[in-house]
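Visitor: If it helps, the file is called my_file-v8.pdb and holds PDB, C-alpha atoms, pLDDT in the B column:
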```
ATOM      1  CA  MET A  75     130.200  80.384 102.606  1.00 73.00           C
ATOM      2  CA  ASN A  76     127.791  77.451 102.771  1.00 84.00           C
ATOM      3  CA  PRO A  77     127.512  75.065  99.782  1.00 89.00           C
ATOM      4  CA  VAL A  78     124.048  76.280  98.721  1.00 88.00           C
ATOM      5  CA  THR A  79     125.247  79.875  98.698  1.00 88.00           C
ATOM      6  CA  GLU A  80     128.283  78.841  96.651  1.00 91.00           C
ATOM      7  CA  LEU A  81     126.110  77.135  94.029  1.00 92.00           C
ATOM      8  CA  LEU A  82     123.878  80.190  93.763  1.00 92.00           C
ATOM      9  CA  ALA A  83     126.858  82.580  93.662  1.00 90.00           C
ATOM     10  CA  GLU A  84     128.356  80.640  90.741  1.00 93.00           C
ATOM     11  CA  ARG A  85     125.235  81.415  88.707  1.00 93.00           C
ATOM     12  CA  LEU A  86     124.509  84.915  89.958  1.00 92.00           C
ATOM     13  CA  ASP A  87     124.543  86.562  86.513  1.00 92.00           C
ATOM     14  CA  GLU A  88     122.267  83.875  85.093  1.00 94.00           C
ATOM     15  CA  ILE A  89     119.872  84.134  88.061  1.00 94.00           C
ATOM     16  CA  THR A  90     119.838  87.917  87.805  1.00 92.00           C
ATOM     17  CA  ALA A  91     118.965  87.783  84.093  1.00 92.00           C
ATOM     18  CA  GLU A  92     116.150  85.335  84.833  1.00 93.00           C
ATOM     19  CA  ILE A  93     114.804  87.578  87.606  1.00 92.00           C
ATOM     20  CA  VAL A  94     114.918  90.643  85.340  1.00 89.00           C
ATOM     21  CA  GLY A  95     112.975  88.717  82.689  1.00 90.00           C
ATOM     22  CA  GLU A  96     110.431  87.491  85.218  1.00 91.00           C
ATOM     23  CA  ILE A  97     109.844  90.985  86.594  1.00 90.00           C
ATOM     24  CA  ALA A  98     109.590  92.514  83.111  1.00 88.00           C
ATOM     25  CA  GLY A  99     107.029  89.867  82.137  1.00 92.00           C
ATOM     26  CA  ARG A 100     104.903  90.077  85.270  1.00 92.00           C
ATOM     27  CA  VAL A 101     105.272  93.724  86.330  1.00 89.00           C
ATOM     28  CA  PRO A 102     105.914  95.788  83.169  1.00 86.00           C
ATOM     29  CA  ALA A 103     105.454  99.030  85.126  1.00 81.00           C
ATOM     30  CA  TYR A 104     108.498  98.104  87.191  1.00 78.00           C
ATOM     31  CA  THR A 105     111.554  98.208  84.967  1.00 72.00           C
ATOM     32  CA  GLY A 106     113.429 101.279  86.195  1.00 71.00           C
ATOM     33  CA  LEU A 107     116.320  99.701  88.094  1.00 74.00           C
ATOM     34  CA  SER A 108     119.763  99.431  86.544  1.00 75.00           C
ATOM     35  CA  ALA A 109     121.312  96.032  85.898  1.00 75.00           C
ATOM     36  CA  ALA A 110     124.045  96.793  88.456  1.00 82.00           C
ATOM     37  CA  MET A 111     121.472  97.634  91.137  1.00 83.00           C
ATOM     38  CA  ILE A 112     119.515  94.466  90.388  1.00 84.00           C
ATOM     39  CA  LEU A 113     122.684  92.361  90.615  1.00 86.00           C
ATOM     40  CA  THR A 114     123.458  93.891  94.024  1.00 88.00           C
ATOM     41  CA  LEU A 115     119.905  93.217  95.210  1.00 89.00           C
ATOM     42  CA  VAL A 116     120.043  89.617  93.987  1.00 90.00           C
ATOM     43  CA  ARG A 117     123.354  89.144  95.800  1.00 89.00           C
ATOM     44  CA  ASP A 118     121.744  90.547  98.961  1.00 90.00           C
ATOM     45  CA  ALA A 119     118.670  88.350  98.486  1.00 91.00           C
ATOM     46  CA  VAL A 120     120.879  85.251  98.225  1.00 89.00           C
ATOM     47  CA  THR A 121     122.445  86.269 101.536  1.00 85.00           C
ATOM     48  CA  VAL A 122     119.033  86.415 103.180  1.00 87.00           C
ATOM     49  CA  TYR A 123     117.606  83.353 101.404  1.00 85.00           C
ATOM     50  CA  THR A 124     120.457  81.083 102.423  1.00 82.00           C
ATOM     51  CA  GLY A 125     120.398  82.188 106.051  1.00 78.00           C
ATOM     52  CA  ALA A 126     123.754  83.938 106.110  1.00 73.00           C
ATOM     53  CA  GLN A 127     124.733  85.634 109.336  1.00 67.00           C
ATOM     54  CA  ASP A 128     124.769  89.195 107.988  1.00 74.00           C
ATOM     55  CA  ARG A 129     121.115  89.479 107.001  1.00 82.00           C
ATOM     56  CA  GLY A 130     120.766  92.935 108.572  1.00 87.00           C
ATOM     57  CA  ALA A 131     122.910  94.716 105.990  1.00 88.00           C
ATOM     58  CA  ALA A 132     121.123  92.968 103.130  1.00 89.00           C
ATOM     59  CA  LEU A 133     117.699  93.880 104.516  1.00 91.00           C
ATOM     60  CA  ASP A 134     118.852  97.490 104.912  1.00 93.00           C
ATOM     61  CA  HIS A 135     119.545  97.549 101.155  1.00 90.00           C
ATOM     62  CA  PHE A 136     115.938  96.527 100.547  1.00 92.00           C
ATOM     63  CA  ARG A 137     114.705  99.265 102.921  1.00 95.00           C
ATOM     64  CA  ARG A 138     116.775 101.770 100.937  1.00 93.00           C
ATOM     65  CA  LEU A 139     115.345 100.352  97.711  1.00 92.00           C
ATOM     66  CA  GLY A 140     111.815 100.894  99.035  1.00 93.00           C
ATOM     67  CA  ALA A 141     112.653 104.469 100.037  1.00 94.00           C
ATOM     68  CA  HIS A 142     114.275 105.135  96.652  1.00 91.00           C
ATOM     69  CA  GLU A 143     111.213 103.837  94.844  1.00 90.00           C
ATOM     70  CA  ALA A 144     108.876 105.952  97.012  1.00 92.00           C
ATOM     71  CA  ARG A 145     110.860 109.096  96.229  1.00 91.00           C
ATOM     72  CA  ALA A 146     110.714 108.167  92.530  1.00 89.00           C
ATOM     73  CA  GLY A 147     106.918 107.947  92.776  1.00 89.00           C
ATOM     74  CA  GLN A 148     106.782 104.184  92.239  1.00 88.00           C
ATOM     75  CA  ASP A 149     103.633 102.490  93.530  1.00 90.00           C
ATOM     76  CA  VAL A 150     104.345 100.225  96.495  1.00 92.00           C
ATOM     77  CA  ARG A 151     102.140  97.519  94.959  1.00 93.00           C
ATOM     78  CA  HIS A 152     104.406  97.384  91.907  1.00 91.00           C
ATOM     79  CA  LEU A 153     107.448  97.175  94.166  1.00 91.00           C
ATOM     80  CA  GLU A 154     105.937  94.299  96.129  1.00 93.00           C
ATOM     81  CA  SER A 155     104.860  92.486  92.954  1.00 93.00           C
ATOM     82  CA  ALA A 156     108.342  92.861  91.477  1.00 91.00           C
ATOM     83  CA  LEU A 157     109.972  91.512  94.636  1.00 92.00           C
ATOM     84  CA  ARG A 158     107.608  88.538  94.793  1.00 93.00           C
ATOM     85  CA  SER A 159     108.192  87.817  91.082  1.00 92.00           C
ATOM     86  CA  GLY A 160     111.931  87.778  91.677  1.00 91.00           C
ATOM     87  CA  ALA A 161     111.376  85.632  94.756  1.00 93.00           C
ATOM     88  CA  ARG A 162     109.709  82.921  92.657  1.00 93.00           C
ATOM     89  CA  VAL A 163     112.887  82.573  90.635  1.00 94.00           C
ATOM     90  CA  LEU A 164     115.159  82.672  93.662  1.00 93.00           C
ATOM     91  CA  ILE A 165     113.130  80.130  95.621  1.00 93.00           C
ATOM     92  CA  ARG A 166     113.182  77.736  92.665  1.00 93.00           C
ATOM     93  CA  ARG A 167     116.943  78.234  92.249  1.00 94.00           C
ATOM     94  CA  THR A 168     117.519  77.835  95.996  1.00 91.00           C
ATOM     95  CA  ALA A 169     115.483  74.607  96.029  1.00 91.00           C
ATOM     96  CA  ASN A 170     117.479  73.230  93.099  1.00 92.00           C
ATOM     97  CA  ALA A 171     120.794  74.133  94.747  1.00 91.00           C
ATOM     98  CA  ALA A 172     119.693  72.747  98.120  1.00 89.00           C
ATOM     99  CA  ALA A 173     118.526  69.495  96.505  1.00 90.00           C
ATOM    100  CA  ARG A 174     121.966  69.069  94.925  1.00 90.00           C
ATOM    101  CA  VAL A 175     123.770  69.670  98.211  1.00 88.00           C
ATOM    102  CA  HIS A 176     121.257  68.186 100.670  1.00 83.00           C
ATOM    103  CA  PRO A 177     119.006  65.691  98.910  1.00 76.00           C
ATOM    104  CA  PRO A 178     115.614  66.003 100.611  1.00 75.00           C
ATOM    105  CA  ASN A 179     116.396  65.697 104.269  1.00 83.00           C
ATOM    106  CA  THR A 180     116.351  67.864 107.371  1.00 86.00           C
ATOM    107  CA  GLU A 181     118.999  70.258 106.037  1.00 84.00           C
ATOM    108  CA  PHE A 182     117.093  70.694 102.764  1.00 86.00           C
ATOM    109  CA  ILE A 183     113.952  71.551 104.719  1.00 88.00           C
ATOM    110  CA  ALA A 184     115.882  74.078 106.847  1.00 86.00           C
ATOM    111  CA  VAL A 185     117.272  75.786 103.721  1.00 86.00           C
ATOM    112  CA  MET A 186     113.806  76.027 102.196  1.00 88.00           C
ATOM    113  CA  GLU A 187     112.225  77.327 105.393  1.00 89.00           C
ATOM    114  CA  SER A 188     114.893  80.019 105.447  1.00 88.00           C
ATOM    115  CA  ALA A 189     114.155  80.872 101.797  1.00 89.00           C
ATOM    116  CA  PHE A 190     110.415  81.211 102.355  1.00 88.00           C
ATOM    117  CA  SER A 191     110.834  83.381 105.437  1.00 91.00           C
ATOM    118  CA  ALA A 192     113.416  85.458 103.552  1.00 92.00           C
ATOM    119  CA  GLU A 193     110.852  86.413 100.929  1.00 91.00           C
ATOM    120  CA  ASP A 194     108.616  87.896 103.611  1.00 92.00           C
ATOM    121  CA  GLN A 195     111.522  89.632 105.350  1.00 93.00           C
ATOM    122  CA  ILE A 196     112.733  91.220 102.106  1.00 94.00           C
ATOM    123  CA  VAL A 197     109.278  92.395 101.046  1.00 94.00           C
ATOM    124  CA  GLU A 198     108.583  93.692 104.546  1.00 95.00           C
ATOM    125  CA  ALA A 199     111.864  95.655 104.595  1.00 95.00           C
ATOM    126  CA  ALA A 200     111.274  97.194 101.143  1.00 95.00           C
ATOM    127  CA  VAL A 201     107.648  98.101 101.886  1.00 95.00           C
ATOM    128  CA  ASP A 202     108.699  99.580 105.239  1.00 95.00           C
ATOM    129  CA  GLY A 203     111.325 101.721 103.503  1.00 94.00           C
ATOM    130  CA  HIS A 204     108.755 102.804 100.914  1.00 94.00           C
ATOM    131  CA  HIS A 205     106.192 103.778 103.539  1.00 93.00           C
ATOM    132  CA  ARG A 206     108.721 105.674 105.645  1.00 93.00           C
ATOM    133  CA  ALA A 207     109.922 107.664 102.647  1.00 92.00           C
ATOM    134  CA  ALA A 208     106.386 108.317 101.388  1.00 86.00           C
ATOM    135  CA  ARG A 209     105.050 109.623 104.714  1.00 78.00           C
ATOM    136  CA  PRO A 210     106.601 113.100 104.561  1.00 65.00           C
ATOM    137  CA  ARG A 211     105.398 113.534 100.979  1.00 56.00           C
ATOM    138  CA  ASN A 212     101.841 112.504 101.889  1.00 52.00           C
ATOM    139  CA  ARG A 213     101.882 114.775 104.914  1.00 51.00           C
ATOM    140  CA  SER A 214     103.005 117.740 102.819  1.00 51.00           C
ATOM    141  CA  ARG A 215     100.077 117.212 100.425  1.00 53.00           C
ATOM    142  CA  LEU A 216      97.478 116.839 103.176  1.00 48.00           C
ATOM    143  CA  TYR A 217      98.623 119.617 105.493  1.00 48.00           C
ATOM    144  CA  PRO A 218      97.547 122.559 103.275  1.00 52.00           C
ATOM    145  CA  LEU A 219      94.060 121.073 102.934  1.00 49.00           C
ATOM    146  CA  VAL A 220      93.687 120.455 106.654  1.00 47.00           C
ATOM    147  CA  ALA A 221      95.151 123.847 107.552  1.00 50.00           C
ATOM    148  CA  ARG A 222      92.610 125.615 105.305  1.00 54.00           C
ATOM    149  CA  GLY A 223      89.749 123.653 106.857  1.00 53.00           C
ATOM    150  CA  HIS A 224      88.794 121.742 103.711  1.00 48.00           C
ATOM    151  CA  ARG A 225      86.521 118.827 104.293  1.00 50.00           C
ATOM    152  CA  TYR A 226      86.653 115.649 102.319  1.00 44.00           C
ATOM    153  CA  SER A 227      83.636 115.039 100.117  1.00 46.00           C
ATOM    154  CA  ALA A 228      82.961 111.728  98.422  1.00 46.00           C
ATOM    155  CA  ASN A 229      80.989 113.501  95.676  1.00 45.00           C
TER     156      ASN A 229
END
```
Transcribe the structure of this file into structure tokens.

Guide:
Amino acid sequence: MNPVTELLAERLDEITAEIVGEIAGRVPAYTGLSAAMILTLVRDAVTVYTGAQDRGAALDHFRRLGAHEARAGQDVRHLESALRSGARVLIRRTANAAARVHPPNTEFIAVMESAFSAEDQIVEAAVDGHHRAARPRNRSRLYPLVARGHRYSAN
């Protein structure tokens, strides 16, 4: 485990609580996940943010989260807002940890570049999972209308 990951892992419960508070404050419609699920997602996010080798498994968890939220009827915009709210906390925490381990230098910059690209990768994976899970549901609502020859009217 790299030193930045170790520093973040030592404070995982504290970081998770801060992320939960941030999401609750910014995206009140998005508070349905259990504390255990959020802790797992934060652990996975740390893996992606710090550039660990096994990013694929962590990103798969975010795809499953997106699919779970789609099946629960959660709006994808709320999901994305919640993830970006949590990302603000994690990027700040990652920067603080990286500054302690690698005072601003090339390694610090590499850690932060990884963190910023991780935010996009995580959001992309969750939104992809949401869209994939929502497609069959949307199709099942549209098919009866199309099959009966209904036309869309803006009025």

Visitor: With only C-alpha atoms as the basis for distance, which of A:Arg158, A:Ala132, A:Leu164, A:Leu107 is at the shortest distance from Thr90 (chain A)?

Guide: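 Closest residue, counting only C-alpha atoms: A:Leu164.
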
Visitor: List, as a list of chain:residue names, every residue that the PyMOL selection byres ((chain A and resi 187) around 12) selects in the file provided.

Guide: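 Going through the file, the PyMOL selection byres ((chain A and resi 187) around 12) ends up selecting A:Val122, A:Tyr123, A:Thr124, A:Gly125, A:Ile165, A:Thr168, A:Ala169, A:Ala172, A:Thr180, A:Glu181, A:Phe182, A:Ile183, A:Ala184, A:Val185, A:Met186, A:Ser188, A:Ala189, A:Phe190, A:Ser191, A:Ala192, A:Glu193, A:Asp194.
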
Visitor: Give me, please, the distance in Å between CA of Gln148 (chain A) and CA of Thr114 (chain A), quoted to one decimal.

Guide: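 The value is 19.7 Å.
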
Visitor: Using all atoms listed in the file, what residues lie at most 10 Å away from (109.5, 98.1, 86.8) (file coordinates), given as a PyMOL selection string?

Guide: chain A and resi 94+97-107+148-149+152-153+155-156

Visitor: Quick one: distance from CA of Ala173 (chain A) to CA of Leu82 (chain A) in Å, one decimal?

Guide: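 It comes out at 12.3 Å.
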
Visitor: Within 10 Å of Asp87 (chain A), counting all atoms listed in the file, which residues show up once you throw out same-chain ones fewer than 4 positions away? Write them as a JSON list (two decimals) with C-alpha atoms, in the frame of the given file, please.

Guide:
```json
[["chain", "number", "residue", "atom", "x", "y", "z"],
["A", 82, "LEU", "CA", 123.88, 80.19, 93.76],
["A", 83, "ALA", "CA", 126.86, 82.58, 93.66],
["A", 91, "ALA", "CA", 118.96, 87.78, 84.09],
["A", 92, "GLU", "CA", 116.15, 85.34, 84.83],
["A", 93, "ILE", "CA", 114.80, 87.58, 87.61],
["A", 113, "LEU", "CA", 122.68, 92.36, 90.62],
["A", 116, "VAL", "CA", 120.04, 89.62, 93.99],
["A", 117, "ARG", "CA", 123.35, 89.14, 95.80]]
```

Visitor: Excluding Leu139 (chain A) and residues on its chain fewer than 2 positions from it, collect all residues at most 10 Å away from it, counting all atoms listed in the file, and give them as number ranges by chain.

Guide: A: 107, 111, 115, 133-137, 141-145, 153, 199-201, 203-204

Visitor: Between A:Ala207, A:Val175, A:Ile196, A:Leu86, which has the minimum distance to Ile112 (chain A) (counting all atoms listed in the file)?

Guide: A:Leu86

Visitor: Between CA of Gln195 (chain A) and CA of Asn76 (chain A), what is the distance in Å, rounded to a tenth?

Guide: 20.5 Å

Visitor: When you count all atoms listed in the file, which of these residues is closest to Arg162 (chain A): A:Ala119, A:Ala109, A:Glu80, A:Gly140?

Guide: A:Ala119

Visitor: Between A:Ala208, A:Val197, A:Val120, A:Ala126, which residue has the minimum interatomic distance to Ser159 (chain A), considering only C-alpha atoms?

Guide: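 Ranking A:Ala208, A:Val197, A:Val120, A:Ala126 by distance to Ser159 (chain A), first place goes to A:Val197.
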